[in-house]
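Undergrad: Sharing a structure, written as structure tokens. Questions coming.
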Amino acid sequence: MTKKDKEIFDKNLTLGTEFSRYVMEHPEFAEQIPKDALVVLLPEDDPELCEINRKNAEEGREPGQPVVYVRIKKLAPMRERIAKLRLELVPA
Amino acid sequence: MPKETSFVHFLDLNGQDRRRHYHVHERGRVLDFVEQYETLIEGGWVPIVRYDTSHGQPPHRDLYHPDGTRDKMYLSFSDYNEALTYAQQDIRKNWPQYKAQYLREKEQKP
């Protein structure tokens with residue numbers, strides 16, 4: 001696997017898992033996705049990835065499979081999940 | 001009311017690898033899920049590794065073999081949200097090894 005392959009794979013995995021999370025938190029979007037649809041991830045800040053994903057969808061779409069284009073305007077930076085913590089220094 | 005979502009999307013440069021996702025959730029809590037990595041072999045989509053909560057079983061991983069058998073491993077998470085996160089992280093980290101193992105076995109098959 002080339003470095004490029006790995007890069008594309010990682011980007012799509014990240015976008016895909018974030019999309020799953022987004023859909024859980026925004027049920028109004030979930031309702032718009034037909035069952036077993038082919039989702040095409042199109043991050044607006046990555047034209048190359050958009051082109052790759054669009055091409056793969058056009059060539060790899062199964063007969064009768066619904067397709068949904070997901071135009072992602074922005075991916076926020078990873079945020080910490082810890083809401084609150086306290087440090088306790090242990091004496092030597 | 002629980003909501004179901006299922007979709008598939010391409011992962012790689014050439015349309016040879018896909019991620020299949022399914023979940024049932026209610027108010028942010030995952031009630032059921034499938035996370036599957038599949039690859040295109042000889043014109044057909046083949047599951048390589050799958051995490052799911054099917055048939056009321058605890059969350060588990062199935063590693064597929066070319067002979068049709070599967071290795072099952074149960075997860076110890078009682079929280080399905082955590083189990084889903086684990087599944088996604090494992091596939092992210094280990095899909096190359098899972099795929100390589102499957103292809104090696106396929107080559108060895110008489």
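We name chains A, B, ... following the order of the structure tokens; residues begin at 1 in each chain, and ligands are numbered from 1 as shown.
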Kindly provide the residues of chain B that approach chain A to within 6 Å, each paired with its closest atom pair and their distance in Å to one decimal, based on only C-alpha atoms, listed by chain and increasing number, as JSON lines.
TA:
{"residue": "B:Ser6", "atom": "CA", "partner": "A:Asp36", "partner_atom": "CA", "distance": 5.0}
{"residue": "B:Phe7", "atom": "CA", "partner": "A:Asp36", "partner_atom": "CA", "distance": 4.3}
{"residue": "B:Val8", "atom": "CA", "partner": "A:Leu38", "partner_atom": "CA", "distance": 5.0}
{"residue": "B:His9", "atom": "CA", "partner": "A:Val39", "partner_atom": "CA", "distance": 5.1}
{"residue": "B:Leu11", "atom": "CA", "partner": "A:Phe9", "partner_atom": "CA", "distance": 5.0}
{"residue": "B:Asp12", "atom": "CA", "partner": "A:Phe9", "partner_atom": "CA", "distance": 4.9}
{"residue": "B:Leu13", "atom": "CA", "partner": "A:Asp5", "partner_atom": "CA", "distance": 5.9}
{"residue": "B:Gly15", "atom": "CA", "partner": "A:Asn56", "partner_atom": "CA", "distance": 5.0}
Undergrad: Export, as a PDB file, in the first residue's frame, the selected residues with N, CA, C and O atoms.
TA:
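Saved file part.pdb follows:
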ATOM      1  N   SER B   6     -28.468   3.062   7.989  1.00  0.00           N
ATOM      2  CA  SER B   6     -27.508   2.131   7.396  1.00  0.00           C
ATOM      3  C   SER B   6     -26.983   2.724   6.102  1.00  0.00           C
ATOM      4  O   SER B   6     -27.744   3.290   5.313  1.00  0.00           O
ATOM      5  N   PHE B   7     -25.696   2.609   5.899  1.00  0.00           N
ATOM      6  CA  PHE B   7     -25.101   3.093   4.664  1.00  0.00           C
ATOM      7  C   PHE B   7     -23.751   2.439   4.449  1.00  0.00           C
ATOM      8  O   PHE B   7     -23.214   1.769   5.338  1.00  0.00           O
ATOM      9  N   VAL B   8     -23.216   2.644   3.258  1.00  0.00           N
ATOM     10  CA  VAL B   8     -21.895   2.132   2.934  1.00  0.00           C
ATOM     11  C   VAL B   8     -21.131   3.261   2.238  1.00  0.00           C
ATOM     12  O   VAL B   8     -21.746   4.129   1.596  1.00  0.00           O
ATOM     13  N   HIS B   9     -19.821   3.324   2.414  1.00  0.00           N
ATOM     14  CA  HIS B   9     -19.034   4.316   1.670  1.00  0.00           C
ATOM     15  C   HIS B   9     -17.671   3.755   1.329  1.00  0.00           C
ATOM     16  O   HIS B   9     -17.155   2.871   2.023  1.00  0.00           O
ATOM     17  N   LEU B  11     -13.621   3.656   0.778  1.00  0.00           N
ATOM     18  CA  LEU B  11     -12.529   4.067   1.647  1.00  0.00           C
ATOM     19  C   LEU B  11     -11.260   4.422   0.871  1.00  0.00           C
ATOM     20  O   LEU B  11     -10.530   5.328   1.248  1.00  0.00           O
ATOM     21  N   ASP B  12     -11.002   3.715  -0.206  1.00  0.00           N
ATOM     22  CA  ASP B  12      -9.669   3.776  -0.799  1.00  0.00           C
ATOM     23  C   ASP B  12      -9.645   4.593  -2.085  1.00  0.00           C
ATOM     24  O   ASP B  12     -10.645   5.125  -2.533  1.00  0.00           O
ATOM     25  N   LEU B  13      -8.474   4.591  -2.687  1.00  0.00           N
ATOM     26  CA  LEU B  13      -8.223   5.366  -3.903  1.00  0.00           C
ATOM     27  C   LEU B  13      -8.978   4.799  -5.112  1.00  0.00           C
ATOM     28  O   LEU B  13      -9.423   5.547  -5.975  1.00  0.00           O
ATOM     29  N   GLY B  15     -11.661   2.381  -5.193  1.00  0.00           N
ATOM     30  CA  GLY B  15     -12.988   1.766  -5.078  1.00  0.00           C
ATOM     31  C   GLY B  15     -12.957   0.274  -4.817  1.00  0.00           C
ATOM     32  O   GLY B  15     -13.851  -0.464  -5.236  1.00  0.00           O
TER      33      GLY B  15
END
Undergrad: As a PDB file with N, CA, C and O atoms, in the first residue's frame, please: the residues near stretch 21-25 of chain B (cut-off 7 Å, only C-alpha atoms, same-chain neighbours under 2 positions excluded).
TA:
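That gives us around.pdb:
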ATOM      1  N   MET A  24     -26.134  10.446  14.292  1.00  0.00           N
ATOM      2  CA  MET A  24     -26.748  10.065  15.576  1.00  0.00           C
ATOM      3  C   MET A  24     -27.205  11.295  16.342  1.00  0.00           C
ATOM      4  O   MET A  24     -28.226  11.265  17.024  1.00  0.00           O
TER       5      MET A  24
ATOM      6  N   PRO B   2     -36.629   4.707  18.723  1.00  0.00           N
ATOM      7  CA  PRO B   2     -35.324   4.342  18.142  1.00  0.00           C
ATOM      8  C   PRO B   2     -35.280   4.605  16.640  1.00  0.00           C
ATOM      9  O   PRO B   2     -36.269   4.401  15.935  1.00  0.00           O
ATOM     10  N   LYS B   3     -34.138   5.084  16.177  1.00  0.00           N
ATOM     11  CA  LYS B   3     -33.957   5.375  14.751  1.00  0.00           C
ATOM     12  C   LYS B   3     -32.844   4.502  14.192  1.00  0.00           C
ATOM     13  O   LYS B   3     -31.797   4.340  14.810  1.00  0.00           O
ATOM     14  N   GLU B   4     -33.104   4.004  12.976  1.00  0.00           N
ATOM     15  CA  GLU B   4     -32.147   3.126  12.293  1.00  0.00           C
ATOM     16  C   GLU B   4     -31.481   3.864  11.152  1.00  0.00           C
ATOM     17  O   GLU B   4     -32.148   4.593  10.426  1.00  0.00           O
ATOM     18  N   THR B   5     -30.187   3.662  10.994  1.00  0.00           N
ATOM     19  CA  THR B   5     -29.472   4.231   9.852  1.00  0.00           C
ATOM     20  C   THR B   5     -28.524   3.177   9.311  1.00  0.00           C
ATOM     21  O   THR B   5     -27.858   2.486  10.085  1.00  0.00           O
ATOM     22  N   SER B   6     -28.468   3.062   7.989  1.00  0.00           N
ATOM     23  CA  SER B   6     -27.508   2.131   7.396  1.00  0.00           C
ATOM     24  C   SER B   6     -26.983   2.724   6.102  1.00  0.00           C
ATOM     25  O   SER B   6     -27.744   3.290   5.313  1.00  0.00           O
ATOM     26  N   PHE B   7     -25.696   2.609   5.899  1.00  0.00           N
ATOM     27  CA  PHE B   7     -25.101   3.093   4.664  1.00  0.00           C
ATOM     28  C   PHE B   7     -23.751   2.439   4.449  1.00  0.00           C
ATOM     29  O   PHE B   7     -23.214   1.769   5.338  1.00  0.00           O
ATOM     30  N   VAL B   8     -23.216   2.644   3.258  1.00  0.00           N
ATOM     31  CA  VAL B   8     -21.895   2.132   2.934  1.00  0.00           C
ATOM     32  C   VAL B   8     -21.131   3.261   2.238  1.00  0.00           C
ATOM     33  O   VAL B   8     -21.746   4.129   1.596  1.00  0.00           O
ATOM     34  N   ARG B  19     -16.559   0.651   3.770  1.00  0.00           N
ATOM     35  CA  ARG B  19     -16.990   0.532   5.162  1.00  0.00           C
ATOM     36  C   ARG B  19     -18.514   0.465   5.137  1.00  0.00           C
ATOM     37  O   ARG B  19     -19.167   1.285   4.494  1.00  0.00           O
ATOM     38  N   ARG B  27     -31.931   8.880  21.430  1.00  0.00           N
ATOM     39  CA  ARG B  27     -31.449   9.981  22.285  1.00  0.00           C
ATOM     40  C   ARG B  27     -29.957   9.833  22.568  1.00  0.00           C
ATOM     41  O   ARG B  27     -29.522   9.901  23.714  1.00  0.00           O
ATOM     42  N   GLY B  28     -29.186   9.576  21.508  1.00  0.00           N
ATOM     43  CA  GLY B  28     -27.730   9.529  21.623  1.00  0.00           C
ATOM     44  C   GLY B  28     -27.178   8.205  22.117  1.00  0.00           C
ATOM     45  O   GLY B  28     -25.961   8.003  22.176  1.00  0.00           O
ATOM     46  N   ARG B  29     -28.051   7.271  22.475  1.00  0.00           N
ATOM     47  CA  ARG B  29     -27.582   5.982  22.986  1.00  0.00           C
ATOM     48  C   ARG B  29     -27.691   4.934  21.873  1.00  0.00           C
ATOM     49  O   ARG B  29     -28.755   4.745  21.283  1.00  0.00           O
ATOM     50  N   VAL B  30     -26.578   4.250  21.615  1.00  0.00           N
ATOM     51  CA  VAL B  30     -26.560   3.214  20.585  1.00  0.00           C
ATOM     52  C   VAL B  30     -27.211   1.947  21.146  1.00  0.00           C
ATOM     53  O   VAL B  30     -26.816   1.468  22.212  1.00  0.00           O
ATOM     54  N   LEU B  31     -28.198   1.431  20.416  1.00  0.00           N
ATOM     55  CA  LEU B  31     -28.905   0.228  20.868  1.00  0.00           C
ATOM     56  C   LEU B  31     -28.457  -1.022  20.088  1.00  0.00           C
ATOM     57  O   LEU B  31     -28.545  -2.138  20.590  1.00  0.00           O
ATOM     58  N   ASP B  32     -28.010  -0.802  18.859  1.00  0.00           N
ATOM     59  CA  ASP B  32     -27.544  -1.891  17.999  1.00  0.00           C
ATOM     60  C   ASP B  32     -26.586  -1.285  16.995  1.00  0.00           C
ATOM     61  O   ASP B  32     -26.734  -0.111  16.633  1.00  0.00           O
ATOM     62  N   PHE B  33     -25.603  -2.062  16.520  1.00  0.00           N
ATOM     63  CA  PHE B  33     -24.752  -1.519  15.466  1.00  0.00           C
ATOM     64  C   PHE B  33     -24.054  -2.618  14.678  1.00  0.00           C
ATOM     65  O   PHE B  33     -23.950  -3.765  15.122  1.00  0.00           O
ATOM     66  N   VAL B  34     -23.601  -2.212  13.492  1.00  0.00           N
ATOM     67  CA  VAL B  34     -22.707  -3.022  12.675  1.00  0.00           C
ATOM     68  C   VAL B  34     -21.614  -2.092  12.158  1.00  0.00           C
ATOM     69  O   VAL B  34     -21.897  -1.001  11.678  1.00  0.00           O
ATOM     70  N   GLU B  35     -20.385  -2.517  12.282  1.00  0.00           N
ATOM     71  CA  GLU B  35     -19.247  -1.860  11.641  1.00  0.00           C
ATOM     72  C   GLU B  35     -18.521  -2.945  10.871  1.00  0.00           C
ATOM     73  O   GLU B  35     -18.081  -3.928  11.468  1.00  0.00           O
ATOM     74  N   GLN B  36     -18.443  -2.786   9.582  1.00  0.00           N
ATOM     75  CA  GLN B  36     -17.851  -3.838   8.756  1.00  0.00           C
ATOM     76  C   GLN B  36     -16.891  -3.247   7.739  1.00  0.00           C
ATOM     77  O   GLN B  36     -17.204  -2.258   7.076  1.00  0.00           O
TER      78      GLN B  36
END
Undergrad: If you run DSSP over the backbone, which residues in chain A end up strand (DSSP E)? Put them as a PyMOL selection string.
TA: chain A and resi 37-43+67-72
Undergrad: May I have the residues within 6 Å of B:His60 as an MDAnalysis selection string, using only C-alpha atoms and disregarding those fewer than 4 positions away in the same chain?
TA: chainID B and resid 51:52 73:75
Undergrad: Okay, now the selection with all heavy atoms, as a JSON list (two decimals), in the first residue's frame?
TA:
[["chain", "number", "residue", "atom", "x", "y", "z"],
["B", 51, "TYR", "N", -17.96, -6.00, 13.25],
["B", 51, "TYR", "CA", -18.36, -5.87, 14.65],
["B", 51, "TYR", "C", -19.86, -5.68, 14.66],
["B", 51, "TYR", "O", -20.38, -4.85, 13.89],
["B", 51, "TYR", "CB", -17.71, -4.65, 15.29],
["B", 51, "TYR", "CG", -16.29, -4.84, 15.74],
["B", 51, "TYR", "CD1", -15.23, -4.62, 14.86],
["B", 51, "TYR", "CD2", -15.99, -5.20, 17.05],
["B", 51, "TYR", "CE1", -13.91, -4.78, 15.28],
["B", 51, "TYR", "CE2", -14.68, -5.35, 17.48],
["B", 51, "TYR", "CZ", -13.65, -5.14, 16.59],
["B", 51, "TYR", "OH", -12.36, -5.29, 17.02],
["B", 52, "ASP", "N", -20.56, -6.43, 15.50],
["B", 52, "ASP", "CA", -22.00, -6.17, 15.58],
["B", 52, "ASP", "C", -22.60, -6.70, 16.87],
["B", 52, "ASP", "O", -21.93, -7.31, 17.70],
["B", 52, "ASP", "CB", -22.74, -6.71, 14.34],
["B", 52, "ASP", "CG", -22.84, -8.21, 14.30],
["B", 52, "ASP", "OD1", -23.46, -8.79, 15.22],
["B", 52, "ASP", "OD2", -22.31, -8.82, 13.36],
["B", 73, "MET", "N", -15.01, -13.09, 18.56],
["B", 73, "MET", "CA", -14.45, -12.61, 19.81],
["B", 73, "MET", "C", -15.45, -11.65, 20.44],
["B", 73, "MET", "O", -15.86, -10.67, 19.80],
["B", 73, "MET", "CB", -13.13, -11.86, 19.54],
["B", 73, "MET", "CG", -12.48, -11.33, 20.81],
["B", 73, "MET", "SD", -11.09, -10.24, 20.50],
["B", 73, "MET", "CE", -11.94, -8.68, 20.21],
["B", 74, "TYR", "N", -15.85, -11.93, 21.67],
["B", 74, "TYR", "CA", -16.82, -11.07, 22.34],
["B", 74, "TYR", "C", -16.11, -9.92, 23.04],
["B", 74, "TYR", "O", -15.03, -10.08, 23.60],
["B", 74, "TYR", "CB", -17.64, -11.87, 23.36],
["B", 74, "TYR", "CG", -18.62, -12.80, 22.70],
["B", 74, "TYR", "CD1", -18.31, -14.14, 22.49],
["B", 74, "TYR", "CD2", -19.86, -12.33, 22.26],
["B", 74, "TYR", "CE1", -19.21, -14.99, 21.86],
["B", 74, "TYR", "CE2", -20.75, -13.18, 21.63],
["B", 74, "TYR", "CZ", -20.43, -14.51, 21.43],
["B", 74, "TYR", "OH", -21.30, -15.34, 20.79],
["B", 75, "LEU", "N", -16.75, -8.75, 23.00],
["B", 75, "LEU", "CA", -16.19, -7.59, 23.67],
["B", 75, "LEU", "C", -16.78, -7.51, 25.08],
["B", 75, "LEU", "O", -17.88, -7.98, 25.33],
["B", 75, "LEU", "CB", -16.54, -6.30, 22.91],
["B", 75, "LEU", "CG", -16.13, -6.23, 21.45],
["B", 75, "LEU", "CD1", -16.47, -4.87, 20.88],
["B", 75, "LEU", "CD2", -14.66, -6.52, 21.29]]
Undergrad: Using atom CA of B:Tyr102 and atom CA of B:His65 as the two end points, give the distance in Å to one decimal.
TA: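 These two atoms are separated by 6.0 Å.
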Undergrad: Kindly give the distance, in Å, that separates atom CA of B:Leu63 and atom CA of B:Ala100, rounded to a single decimal.
TA: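 Separation of atom CA of B:Leu63 and atom CA of B:Ala100: 12.2 Å.
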Undergrad: Would you please give, as a PyMOL selection string, all residues of chain B that DSSP assigns to helix (DSSP H, G or I) based on the backbone?
TA: chain B and resi 54-56+80-108
Undergrad: With only C-alpha atoms as the counted atoms, please give the residues lying no more than 12 Å from stretch 106-108 of chain B, apart from itself and same-chain residues fewer than 3 positions off, as a PyMOL selection string.
TA: chain B and resi 41-42+46+48+64-68+99-103
Undergrad: Tell me which of A:Asp45, A:Glu28, A:Glu88, A:Glu18 sits closest to A:Lys73, counting only C-alpha atoms.
TA: A:Asp45
Undergrad: Would you work out the distance separating atom CA of B:Asn14 from atom CA of B:Gly44, expressed in Å to one decimal?
TA: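 Between atom CA of B:Asn14 and atom CA of B:Gly44 the gap works out to 14.8 Å.
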